[in-house]
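First comes the structure, then the notes that go with it.
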Amino acid sequence: REHVLPLLKERKQWNSAQEYAAFLDQHPLGPNICSFLGHSDLRVAVLGLERAVDAAHKPSEAELQRMESLLEEALDEGLLGLSSMTNPWDKLDGDRERSKSLPSVYAPWREYARLNKVLRRRQRIHQGAPNLVTKINVLAFLWDSMGLWLRKPLKTTLITLMDAKADPWLAPILGPLTRLANRLTQADFRWQTLPVPFETYADGIVEPEFIDVRDPAYRQQFRQDVDKRFGPRVWHRDFDDAWIVACPDASVVGKTVGELARTRQQHPGDLFLDLLVEHGPHLRWRTVLANHRPEVVAKLVAEPSTLIGFADSGAHIRNMAFYNFALRFLKLVRDAQATGTPVMPLEKAIWRLTGELGEWFGVDAGLLAIGKRADL
């Protein structure tokens, strides 16, 4: 925040979609830029930050109409659609409304339904992230994507379909179920998927002021949570897959927390907290949250209800970001061919990274043809 905020104050020149597009046009950009209108930004623009993160505030009819109008203006300027976030984990930084979830999380579905009508009429896209705590609102996204009773389908894409260690049964069935729902209900629903292991790094822990990891009561609660077999979660809680990458105590580097706990005859949760207390941000550890089974990843990247594209390199730049996922996808396909277990032809893999994405997102790119940008 200390680096980004001064840049925004100094260089941000736009307060509307039209001004944003004009700002981009002023620059000799190399990469093509395709943007969505952020739903959180839209809510703040209409409601103000305080009301946008107040679950008790329900937008008035006038406020909903203003949101629809701003979305229409953004689509007129060529933005691809609306990008939303309904998972409550991402928090606001700063001095105002600190640690509140993003404004998009607080929107009632009636608000989403109104904006989705605009997107459906304009044949644009709703890109979102479901609530990973309950996962129930995936059904609401799917419902609005359906082309039932003569209404047009709404292009909808959610992040993300991965083979999560915490729910290993989910990924193998979710793709085929989505494909079936698309066919039976004329929906246009796609999951974004990642063709590489979802590995994440952490440097110690930022200890909130209201939590003392030395407190016996907190430690007991932490141990119980580690041992919990059921309930909503994303991290698998397997300390045998929590590898210490760097630490002032060189004797623990290269080992797992689970391995060290058995050696020292401690509960792995207690040992983990001990390491955090002793070394703070100088303890770096990593784990694989998802896509740990290559055979399942191969099915996900070949699944027609997925799009190859989720990289997280916009949200994170250090602890989890997969900038070269396209190259690694091509390598996955090539290596599978070489070992006699083909996933798909290489030319189809190239199409999945180019032509398929260009067509689905409505971008004039990705095709090799006379008169196109890629014109031999």
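Here, A, B, ... name the chains of the structure tokens in the order displayed, residue numbers run from 1 inside each chain, and ligands are numbered from 1 in the same displayed order.
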Would you list the contacts of segment 60-72 of chain A as an MDAnalysis selection string, taking every protein, DNA or RNA residue within 12 Å and counting only C-alpha atoms, but skipping same-chain residues closer than 4 positions in sequence? chainID A and resid 15:18 36:48 51:52 76:83 107:108 110:126
Give the strand (DSSP E or B) residues of segment 52-147 of chain A, as DSSP finds them on the backbone, and put them as a PDB file with C-alpha atoms, in the first residue's frame.
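Below you can see result_21.pdb, which holds the result:
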ATOM      1  CA  GLY A  81     -18.070  -7.197 -18.441  1.00  0.00           C
ATOM      2  CA  LEU A  82     -18.313  -7.247 -14.651  1.00  0.00           C
ATOM      3  CA  SER A  83     -15.795  -8.772 -12.246  1.00  0.00           C
ATOM      4  CA  LYS A  91      -9.840  -7.743   3.187  1.00  0.00           C
ATOM      5  CA  SER A 101     -14.323  -7.759   3.238  1.00  0.00           C
ATOM      6  CA  ILE A 125     -19.392 -11.577 -19.256  1.00  0.00           C
ATOM      7  CA  HIS A 126     -19.691 -11.947 -15.488  1.00  0.00           C
ATOM      8  CA  GLN A 127     -16.393 -13.088 -13.997  1.00  0.00           C
ATOM      9  CA  GLY A 128     -16.507 -13.900 -10.311  1.00  0.00           C
TER      10      GLY A 128
END
Could you list, with a cut-off of 10 Å and counting only C-alpha atoms, the residues of segment 137-197 of chain A near segment 295-317 of chain A, each shown with its nearest atom pair and the distance in Å rounded to one decimal, rows sorted by chain and ascending number, as a Markdown table?
| residue | atom | partner | partner_atom | distance |
| --- | --- | --- | --- | --- |
| A:Thr157 | CA | A:Leu307 | CA | 8.4 |
| A:Leu158 | CA | A:Phe310 | CA | 9.5 |
| A:Ile159 | CA | A:Phe310 | CA | 6.9 |
| A:Thr160 | CA | A:Phe310 | CA | 7.0 |
| A:Leu161 | CA | A:Thr306 | CA | 7.7 |
| A:Met162 | CA | A:Leu300 | CA | 7.6 |
| A:Asp163 | CA | A:Val296 | CA | 6.9 |
| A:Pro168 | CA | A:Val296 | CA | 9.7 |
| A:Ala171 | CA | A:Leu300 | CA | 7.8 |
| A:Pro172 | CA | A:Val296 | CA | 6.9 |
| A:Leu174 | CA | A:Ser305 | CA | 9.4 |
| A:Gly175 | CA | A:Ser305 | CA | 6.1 |
| A:Pro176 | CA | A:Glu303 | CA | 7.7 |
| A:Leu177 | CA | A:Ser305 | CA | 9.2 |
| A:Thr178 | CA | A:Ser305 | CA | 6.4 |
| A:Arg179 | CA | A:Ser305 | CA | 5.5 |
| A:Leu180 | CA | A:Ser305 | CA | 9.3 |
| A:Ala181 | CA | A:Ser305 | CA | 9.9 |
| A:Asn182 | CA | A:Ser305 | CA | 8.2 |
| A:Asp188 | CA | A:Ser305 | CA | 8.8 |
| A:Phe189 | CA | A:Ser305 | CA | 7.0 |
| A:Arg190 | CA | A:Ser305 | CA | 5.0 |
| A:Trp191 | CA | A:Thr306 | CA | 4.6 |
| A:Gln192 | CA | A:Leu307 | CA | 4.7 |
| A:Thr193 | CA | A:Ile308 | CA | 5.4 |
| A:Leu194 | CA | A:Phe310 | CA | 5.4 |
| A:Pro195 | CA | A:Val301 | CA | 6.3 |
| A:Val196 | CA | A:Val297 | CA | 7.6 |
| A:Pro197 | CA | A:Val297 | CA | 8.4 |
Please run DSSP on the backbone and report, as number ranges by chain, all residues within segment 211-336 of chain A that come out as helix (DSSP H, G or I). A: 216-227, 239-241, 250-252, 257-264, 268-282, 294-302, 325-336
Distance query Val277 of chain A at most 8 Å, only C-alpha atoms, self and fewer than 4 positions along chain excluded, as a PyMOL selection string: chain A and resi 213-214+273
Can I get the selected residues back with C-alpha atoms, as a PDB file, in the first residue's frame?
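Once written, out.pdb looks like this:
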ATOM      1  CA  VAL A 213      -0.208 -17.326  19.747  1.00  0.00           C
ATOM      2  CA  ARG A 214       1.470 -18.033  23.088  1.00  0.00           C
ATOM      3  CA  LEU A 273       3.398 -21.801  16.492  1.00  0.00           C
TER       4      LEU A 273
END
Nearest-residue call for Val138 of chain A, choices A:Leu7, A:Met85, A:Arg229, A:Glu199, using only C-alpha atoms: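 For Val138 of chain A, the nearest of the candidates is A:Met85.
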Show which residues sit within 12 Å of Trp109 of chain A, as number ranges by chain. Count only C-alpha atoms, and ignore same-chain residues fewer than 6 positions away. A: 58-59, 84, 86, 115-116, 137-141, 143-144
Selection above as a file: C-alpha atoms, as a PDB file, in the first residue's frame:
ATOM      1  CA  LYS A  58     -29.626  -2.438   0.780  1.00  0.00           C
ATOM      2  CA  PRO A  59     -29.209  -0.285  -2.347  1.00  0.00           C
ATOM      3  CA  SER A  84     -17.070  -9.628  -8.769  1.00  0.00           C
ATOM      4  CA  THR A  86     -18.177 -13.014  -3.145  1.00  0.00           C
ATOM      5  CA  LEU A 115     -26.404  -6.151 -13.262  1.00  0.00           C
ATOM      6  CA  ASN A 116     -26.507  -9.601 -14.847  1.00  0.00           C
ATOM      7  CA  ASN A 137     -23.689 -19.420  -4.203  1.00  0.00           C
ATOM      8  CA  VAL A 138     -22.050 -21.281  -7.085  1.00  0.00           C
ATOM      9  CA  LEU A 139     -25.622 -22.382  -7.806  1.00  0.00           C
ATOM     10  CA  ALA A 140     -26.751 -18.744  -8.031  1.00  0.00           C
ATOM     11  CA  PHE A 141     -24.028 -17.986 -10.584  1.00  0.00           C
ATOM     12  CA  TRP A 143     -28.723 -20.170 -12.401  1.00  0.00           C
ATOM     13  CA  ASP A 144     -28.121 -16.730 -13.852  1.00  0.00           C
TER      14      ASP A 144
END
Can you measure atom CA of Ala55 of chain A to atom CA of Ile136 of chain A for me? One decimal in Å is fine.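 Rounded to one decimal, the two atoms are 18.5 Å apart.
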Work out how far apart atom CA of Ala290 of chain A and atom CA of Asp241 of chain A are and give it in Å to one decimal. 11.5 Å
Interatomic distance between atom CA of Val226 of chain A and atom CA of Pro268 of chain A? 8.6 Å
Per residue of segment 279-371 of chain A within 12 Å of segment 26-34 of chain A, record the nearest atom pair and its distance in Å to one decimal, counting only C-alpha atoms, with rows in chain order and ascending residue number, as a Markdown table.
| residue | atom | partner | partner_atom | distance |
| --- | --- | --- | --- | --- |
| A:Leu357 | CA | A:Cys34 | CA | 11.9 |
| A:Gly358 | CA | A:Cys34 | CA | 10.8 |
| A:Phe361 | CA | A:Cys34 | CA | 9.4 |
| A:Gly362 | CA | A:Cys34 | CA | 10.2 |
| A:Val363 | CA | A:Cys34 | CA | 8.2 |
| A:Asp364 | CA | A:Asn32 | CA | 10.6 |
| A:Ala365 | CA | A:Asn32 | CA | 9.6 |
| A:Gly366 | CA | A:Asn32 | CA | 11.8 |
Name the closest residue to Gln221 of chain A among the candidates A:Gly269, A:Pro281, A:Gly371, A:Gly340; distances are taken between atoms, counting only C-alpha atoms. A:Gly269
Shortest contact to Glu347 of chain A, candidates A:Lys135, A:Arg219, A:Arg264, A:Arg334, atoms counted only C-alpha atoms, goes to A:Arg334
For Tyr106 of chain A, the nearest of the candidates A:His3, A:His57, A:Lys331, A:His267, counting only C-alpha atoms: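 Looking only at the distances to Tyr106 of chain A, the closest residue turns out to be A:His57.
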